[in-house]
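Asker: Take this structure, written in structure tokens, and hold onto it; I'll ask about it next.
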Amino acid sequence: MTNPLIHPDRLFPPDPATRDVARRLYGEVRDLPIVSPHGHTDPRWYAENEPFSDPAALFVVPDHYVFRMLYSQGVRLEDLGVPRADGGPVETDPRAIWRRFAAHWRLFRGTPTSLWLNHAFATLFDIDVPLSAATADLSYETIDAALKRPEFRPRALFERFNIEVIATTESPLDDLKWHRAIRDSGWGGRVVTAYRPDPVVDPDFEGFAGNVARLGEITGEDTATWTGYLAAHRKRRVYFKEFGATSSDHGHPSAATMNMSPLAAEALFDRVMSGNHTGADAEAFRGQMLTEMARMSLDDGLVMQIHPGSYRNHNPALFERFGRDKGADIPTRTDYVRALKPLLDAVGNEPGLTIILFTLDESTYARELAPLAGHYPALRLGPPWWFFDSPEGMKRFRELATETAGFYNTVGFNDDTRAFPSIPARHDVSRRVDCAYLAELVVTHRLTEDEAAEVAHDLAYRLAKEAYRL
């Protein structure tokens, strides 16, 4: 019997002939292993392999896709158990948190979050009734009972989800102790780290000067000097590679890059470290560091991810109470053609370098990103990210980018999740949307079905694995 929460033809075209092609293509990729090269799950989960404590801690508290929607309708983050930066009081009763979440479930109608969570409820916990205030306790008790069983511990779910490899994201200041614990445990699951240097390359990051000093202490380099600072990054990248890192990740406000002379870069570094720098200096420094990181990637082989265009921590009151990554990162207009030119002049023609571009500005797909990736050997396009990590966003991306960049200047799909159970759901959505798009190309005689099947496999599995050197 079909579970009413997850129709087998969801996201497939309504036209019967096209839907039949989409079904066949999807059947070829549905059960492929998951390659998850960029995400924000906690490596501690896999290291300790302790049971997830309760449904709220699994689905609500860590997931800004969930709590930002509730916050927009007046639900306080304290009432959802989101930890405060100052350690102040928040709701600690997981059942109360779940009831608030369930009572507001209607807010997620038509959103990707409802697709992801209904997939998890149905496939993991055999829930077949919609979430609501009336069913909150039933769903809570069903999930809570399951979480107490060994097959719902993190490593067992990792294997059940058929995850071949997953990357977490850590700061250069992280000691990677949980990754060490995973490696030393002898468990066969592949969990790797990724190098996210924002705290020590962004002068506007809170505690920046102290972070840079700490980087020096960790590496034994004099990070008060430009040469020592760069040497510290090189050492730290080597350390991250020891724990499986194949990529770096850069979340800058814009895509601005610079390619200064060594003397000019050193002078800029000195101004930034003195604290007597302007906003323009901070932007120039971030831009110079993107180019420096690209040069380091030529040496050490790390794939470079650039996630620009987010006005982070847009809500200062929320940031003060709860810190970063609480759903208040808002997309901005982003220029790529001019902004990336200094970096591309320096390294864009290097076929051995891979720079993956992401965007929150859909207007750039056809105008800027696809032409850039369709020309420069070093560039690839990442999939729709965060606000456009949705069926409609994925389809628009394919429609607008493919005609210029093709499929093979993209990197397939990678999820940006914090809630572990949504990983297979996100990959399933992507596979369905891609198969629906490819089916349209088949029935309009732009691809044969054999070609579409090969592309579907590449988008679901091979491209991400190869792009991220996994």
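Chain identifiers are assigned as A, B, and so on, following the order in which chains appear in the structure tokens; residues are numbered from 1 within each chain, and ligands are numbered from 1 in order of appearance.
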Show me, as a short mmCIF file (atom, residue, chain, number, x, y, z; two decimals) with N, CA and C atoms, in the first residue's frame, the residues that have an atom within 12 Å of stretch 398-406 of chain A when counting only C-alpha atoms, minus same-chain residues fewer than 3 positions from it.

Answerer:
```
data_model
loop_
_atom_site.label_atom_id
_atom_site.label_comp_id
_atom_site.auth_asym_id
_atom_site.auth_seq_id
_atom_site.Cartn_x
_atom_site.Cartn_y
_atom_site.Cartn_z
N GLU A 362 19.57 33.70 -8.37
CA GLU A 362 19.18 32.94 -9.54
C GLU A 362 19.32 33.72 -10.84
N SER A 363 19.28 35.03 -10.76
CA SER A 363 19.36 35.82 -11.98
C SER A 363 20.71 35.68 -12.67
N THR A 364 21.68 35.10 -11.98
CA THR A 364 23.02 34.95 -12.57
C THR A 364 23.21 33.63 -13.29
N TYR A 365 22.28 32.67 -13.19
CA TYR A 365 22.48 31.35 -13.79
C TYR A 365 22.86 31.45 -15.26
N ALA A 366 21.97 32.04 -16.06
CA ALA A 366 22.19 32.07 -17.51
C ALA A 366 23.10 33.22 -17.92
N ARG A 367 23.02 34.34 -17.21
CA ARG A 367 23.77 35.52 -17.63
C ARG A 367 25.25 35.44 -17.30
N GLU A 368 25.59 34.87 -16.13
CA GLU A 368 26.98 34.92 -15.66
C GLU A 368 27.58 33.54 -15.40
N LEU A 369 26.91 32.75 -14.55
CA LEU A 369 27.54 31.52 -14.08
C LEU A 369 27.73 30.49 -15.19
N ALA A 370 26.68 30.23 -15.97
CA ALA A 370 26.80 29.23 -17.03
C ALA A 370 27.85 29.63 -18.07
N PRO A 371 27.89 30.89 -18.54
CA PRO A 371 28.96 31.26 -19.48
C PRO A 371 30.36 31.15 -18.88
N LEU A 372 30.52 31.51 -17.61
CA LEU A 372 31.83 31.40 -16.98
C LEU A 372 32.27 29.94 -16.89
N ALA A 373 31.38 29.09 -16.37
CA ALA A 373 31.73 27.67 -16.22
C ALA A 373 31.85 26.99 -17.57
N GLY A 374 31.13 27.51 -18.57
CA GLY A 374 31.21 26.95 -19.90
C GLY A 374 32.46 27.38 -20.66
N HIS A 375 33.29 28.18 -20.01
CA HIS A 375 34.54 28.62 -20.65
C HIS A 375 35.79 28.24 -19.85
N TYR A 376 35.84 28.60 -18.56
CA TYR A 376 37.08 28.45 -17.80
C TYR A 376 37.27 27.01 -17.33
N PRO A 377 38.41 26.40 -17.62
CA PRO A 377 38.64 25.00 -17.22
C PRO A 377 38.56 24.78 -15.72
N LEU A 379 36.52 26.15 -13.53
CA LEU A 379 35.23 26.41 -12.89
C LEU A 379 34.23 25.29 -13.11
N ARG A 380 33.45 25.01 -12.06
CA ARG A 380 32.29 24.14 -12.12
C ARG A 380 31.16 24.81 -11.33
N LEU A 381 29.93 24.45 -11.65
CA LEU A 381 28.78 25.02 -10.96
C LEU A 381 28.23 24.03 -9.95
N GLY A 382 28.06 24.53 -8.72
CA GLY A 382 27.39 23.73 -7.71
C GLY A 382 25.89 23.80 -7.92
N PRO A 383 25.16 22.89 -7.28
CA PRO A 383 23.70 22.86 -7.44
C PRO A 383 23.05 24.00 -6.68
N PRO A 384 21.74 24.21 -6.88
CA PRO A 384 21.03 25.23 -6.10
C PRO A 384 21.25 25.03 -4.61
N PRO A 391 12.51 21.71 -5.53
CA PRO A 391 12.20 21.21 -6.87
C PRO A 391 12.18 22.30 -7.93
N GLU A 392 11.53 23.41 -7.63
CA GLU A 392 11.46 24.49 -8.61
C GLU A 392 12.84 25.10 -8.87
N GLY A 393 13.61 25.30 -7.79
CA GLY A 393 14.94 25.86 -7.95
C GLY A 393 15.85 24.95 -8.74
N MET A 394 15.75 23.64 -8.50
CA MET A 394 16.58 22.69 -9.24
C MET A 394 16.22 22.68 -10.71
N LYS A 395 14.93 22.72 -11.01
CA LYS A 395 14.51 22.71 -12.41
C LYS A 395 14.95 23.99 -13.11
N ASN A 409 29.76 20.58 -16.78
CA ASN A 409 30.42 21.65 -16.04
C ASN A 409 29.69 21.94 -14.74
N THR A 410 28.82 21.00 -14.33
CA THR A 410 28.20 21.05 -13.02
C THR A 410 28.71 19.87 -12.21
N VAL A 411 28.37 19.85 -10.93
CA VAL A 411 28.93 18.81 -10.05
C VAL A 411 27.85 17.91 -9.45
N GLY A 412 26.75 17.74 -10.20
CA GLY A 412 25.71 16.89 -9.66
C GLY A 412 25.03 17.54 -8.47
N PHE A 413 24.71 16.75 -7.47
CA PHE A 413 23.99 17.26 -6.30
C PHE A 413 24.81 17.05 -5.04
N SER A 430 16.37 15.50 -5.57
CA SER A 430 17.24 15.89 -6.68
C SER A 430 17.17 14.87 -7.81
N VAL A 433 13.82 15.24 -9.65
CA VAL A 433 13.74 16.45 -10.47
C VAL A 433 14.61 16.31 -11.72
N ASP A 434 15.81 15.79 -11.56
CA ASP A 434 16.69 15.61 -12.72
C ASP A 434 16.10 14.61 -13.71
N CYS A 435 15.51 13.54 -13.21
CA CYS A 435 14.91 12.56 -14.12
C CYS A 435 13.70 13.15 -14.83
N ALA A 436 12.93 13.99 -14.14
CA ALA A 436 11.80 14.66 -14.79
C ALA A 436 12.30 15.60 -15.90
N TYR A 437 13.37 16.33 -15.62
CA TYR A 437 13.92 17.24 -16.63
C TYR A 437 14.47 16.46 -17.82
N LEU A 438 15.20 15.41 -17.54
CA LEU A 438 15.77 14.60 -18.62
C LEU A 438 14.67 13.93 -19.44
N GLU A 440 11.82 15.14 -20.19
CA GLU A 440 11.33 16.14 -21.15
C GLU A 440 12.27 16.25 -22.35
N LEU A 441 13.57 16.14 -22.11
CA LEU A 441 14.51 16.18 -23.23
C LEU A 441 14.35 14.95 -24.12
N ARG A 446 15.56 15.58 -27.83
CA ARG A 446 16.86 16.23 -27.68
C ARG A 446 17.90 15.30 -27.07
N VAL A 455 23.24 10.33 -18.24
CA VAL A 455 23.31 11.64 -17.58
C VAL A 455 22.71 11.55 -16.18
N LEU A 459 24.64 12.69 -12.82
CA LEU A 459 24.16 13.76 -11.93
C LEU A 459 23.92 13.25 -10.52
#
```

Asker: Find the residue from A:Ala425, A:Ala22, A:Val337, A:Met304 that sits nearest to A:Leu357; use only C-alpha atoms when measuring.

Answerer: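 Between A:Ala425, A:Ala22, A:Val337, A:Met304, the residue approaching A:Leu357 most closely is A:Met304.
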
Asker: List the spatial neighbours of A:Trp386 as a list in words - criterion: any atom at most 10 Å away, only C-alpha atoms, same-chain residues fewer than 6 positions off excluded.

Answerer: Tyr65, Asp329, Pro331, Thr359, Leu360, Gly393, Asp415, Asp416 and Thr417 of chain A

Asker: Closest to A:Ile218 among A:Val200, A:Leu173, A:Leu117, A:Ala452, using only C-alpha atoms?

Answerer: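 Answer, going by the shortest atom-to-atom distance: A:Leu173.
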
Asker: Write out as a PyMOL selection string which residues come within 12 Å of A:Val201 when counting only C-alpha atoms, dropping same-chain ones fewer than 6 positions away.

Answerer: chain A and resi 171-172+207-212+215+223+229-230+232-233+249-252+269+272-273+282-293

Asker: For C-alpha atoms, I'd like the residues from the last selection saved as an mmCIF file, in the first residue's frame.

Answerer:
```
data_model
loop_
_atom_site.group_PDB
_atom_site.id
_atom_site.type_symbol
_atom_site.label_atom_id
_atom_site.label_comp_id
_atom_site.auth_asym_id
_atom_site.auth_seq_id
_atom_site.Cartn_x
_atom_site.Cartn_y
_atom_site.Cartn_z
ATOM 1 C CA SER A 171 37.112 25.735 11.101
ATOM 2 C CA PRO A 172 40.935 25.769 10.941
ATOM 3 C CA GLY A 207 37.003 37.585 17.306
ATOM 4 C CA PHE A 208 39.011 37.705 14.072
ATOM 5 C CA ALA A 209 42.318 38.955 15.564
ATOM 6 C CA GLY A 210 42.169 36.410 18.369
ATOM 7 C CA ASN A 211 41.316 33.682 15.888
ATOM 8 C CA VAL A 212 44.380 34.519 13.802
ATOM 9 C CA LEU A 215 45.898 29.820 14.338
ATOM 10 C CA THR A 223 50.634 34.773 12.142
ATOM 11 C CA TYR A 229 49.952 33.686 8.241
ATOM 12 C CA LEU A 230 50.010 32.033 4.809
ATOM 13 C CA ALA A 232 49.868 28.588 8.908
ATOM 14 C CA HIS A 233 47.081 28.045 6.394
ATOM 15 C CA ASP A 249 34.756 25.995 1.636
ATOM 16 C CA HIS A 250 34.464 29.794 1.597
ATOM 17 C CA GLY A 251 31.336 31.659 2.673
ATOM 18 C CA HIS A 252 32.066 35.257 1.719
ATOM 19 C CA PHE A 269 47.323 42.305 5.935
ATOM 20 C CA VAL A 272 43.666 44.467 8.798
ATOM 21 C CA MET A 273 45.590 43.060 11.734
ATOM 22 C CA ALA A 282 38.046 43.943 4.725
ATOM 23 C CA GLU A 283 36.426 43.192 1.366
ATOM 24 C CA ALA A 284 39.786 43.407 -0.412
ATOM 25 C CA PHE A 285 41.380 41.079 2.129
ATOM 26 C CA ARG A 286 38.662 38.469 1.739
ATOM 27 C CA GLY A 287 39.085 38.750 -2.016
ATOM 28 C CA GLN A 288 42.861 38.383 -1.843
ATOM 29 C CA MET A 289 42.496 35.327 0.350
ATOM 30 C CA LEU A 290 40.250 33.623 -2.206
ATOM 31 C CA THR A 291 43.061 33.952 -4.729
ATOM 32 C CA GLU A 292 45.648 32.823 -2.182
ATOM 33 C CA MET A 293 43.508 29.789 -1.350
#
```

Asker: Going by DSSP on the backbone, which residues of stretch 144-391 of chain A come out as alpha helix (DSSP H)? List them as a ChimeraX atom specification.

Answerer: /A:144-147,154-160,177-185,198-201,208-219,226-242,262-274,279-300,316-322,341-347,364,370-373,391

Asker: I'd like the interatomic distance between atom CA of A:Ala231 and atom CA of A:Thr219, to a tenth of an Å.

Answerer: 8.7 Å

Asker: Can you tell me how far atom CA of A:Arg396 sits from atom CA of A:Arg338, in Å to one decimal?

Answerer: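 Separation between atom CA of A:Arg396 and atom CA of A:Arg338: 23.8 Å.
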
Asker: Quick one: distance from atom CA of A:Ile182 to atom CA of A:Tyr46 in Å, one decimal?

Answerer: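 Atom CA of A:Ile182 sits 6.6 Å away from atom CA of A:Tyr46.
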
Asker: Hey, which of A:Lys235, A:Thr2, A:Gly309, A:Trp116 ends up closest to A:Gly220? Count only C-alpha atoms.

Answerer: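 Going through A:Lys235, A:Thr2, A:Gly309, A:Trp116 one by one, the smallest distance to A:Gly220 is for A:Lys235.
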
Asker: In terms of the shortest atom-to-atom distance over only C-alpha atoms, which of A:Arg295, A:Arg333, A:Arg312, A:Arg180 is closest to A:Tyr239?

Answerer: A:Arg180

Asker: Can you tell me which residues surround stretch 120-123 of chain A at a distance of at most 9 Å, considering only C-alpha atoms, apart from same-chain residues fewer than 6 positions away, and format the answer as a list in words?

Answerer: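 Near stretch 120-123 of chain A, the qualifying residues are Asn3, Pro4, Leu5, Ile6, Val129, Ser139, Ile143, Pro421, Ser422, Pro424 and Ala425 of chain A.
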
Asker: Fewer than 2 positions away in the same chain doesn't count, so skip those; otherwise give me all residues within 9 Å of A:Ile330, counting only C-alpha atoms, as a list of chain:residue names.

Answerer: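 Near A:Ile330, the qualifying residues are A:Gly309, A:Ser310, A:Tyr311, A:Arg312, A:Asn313, A:His314, A:Gly327, A:Ala328, A:Thr332, A:Leu360, A:Phe387.
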
Asker: Show which residues sit within 7 Å of A:Arg431, as a list of chain:residue names. Count only C-alpha atoms, and ignore same-chain residues fewer than 4 positions away.

Answerer: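 Non-adjacent residues within range: A:Tyr26, A:His427, A:Cys435, A:Ala460.
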
Asker: Atoms to include: N, CA and C atoms. Write the selected residues as a short mmCIF file (atom, residue, chain, number, x, y, z; two decimals), in the first residue's frame.

Answerer:
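Final file, selection29.cif:
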```cif
data_model
loop_
_atom_site.label_atom_id
_atom_site.label_comp_id
_atom_site.auth_asym_id
_atom_site.auth_seq_id
_atom_site.Cartn_x
_atom_site.Cartn_y
_atom_site.Cartn_z
N TYR A 26 14.38 7.23 -13.24
CA TYR A 26 14.51 7.23 -11.78
C TYR A 26 14.80 5.84 -11.24
N HIS A 427 18.53 13.92 -1.53
CA HIS A 427 19.07 13.28 -2.72
C HIS A 427 17.94 12.69 -3.57
N CYS A 435 15.51 13.54 -13.21
CA CYS A 435 14.91 12.56 -14.12
C CYS A 435 13.70 13.15 -14.83
N ALA A 460 23.47 12.01 -10.40
CA ALA A 460 23.16 11.47 -9.07
C ALA A 460 24.39 11.00 -8.31
#
```

Asker: With only C-alpha atoms as the atoms that count, which of A:Ala456, A:Ala339, A:Leu131, A:Leu25 lies nearest to A:Pro253?

Answerer: A:Ala339

Asker: Find, counting only C-alpha atoms, the residue in A:Arg324, A:Arg24, A:Lys177, A:Arg236 that gets nearest to A:Tyr195.

Answerer: A:Arg236

Asker: Just the strand (DSSP E) stuff from stretch 31-166 of chain A, please, per backbone DSSP, written as a list in words.

Answerer: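 Listing strand (DSSP E) positions across stretch 31-166 of chain A yields Ile34, Val35, Ser36, Ile163, Glu164, Val165 and Ile166 of chain A.
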
Asker: Using the selection just defined, write its residues with C-alpha atoms as a PDB file, in the first residue's frame.

Answerer:
```
ATOM      1  CA  ILE A  34      24.857   8.777  -1.665  1.00  0.00           C
ATOM      2  CA  VAL A  35      27.905  10.991  -2.115  1.00  0.00           C
ATOM      3  CA  SER A  36      27.503  13.944   0.266  1.00  0.00           C
ATOM      4  CA  ILE A 163      26.073   6.799   2.215  1.00  0.00           C
ATOM      5  CA  GLU A 164      29.368   6.144   0.487  1.00  0.00           C
ATOM      6  CA  VAL A 165      31.050   9.265   1.864  1.00  0.00           C
ATOM      7  CA  ILE A 166      29.963  12.353   3.758  1.00  0.00           C
TER       8      ILE A 166
END
```
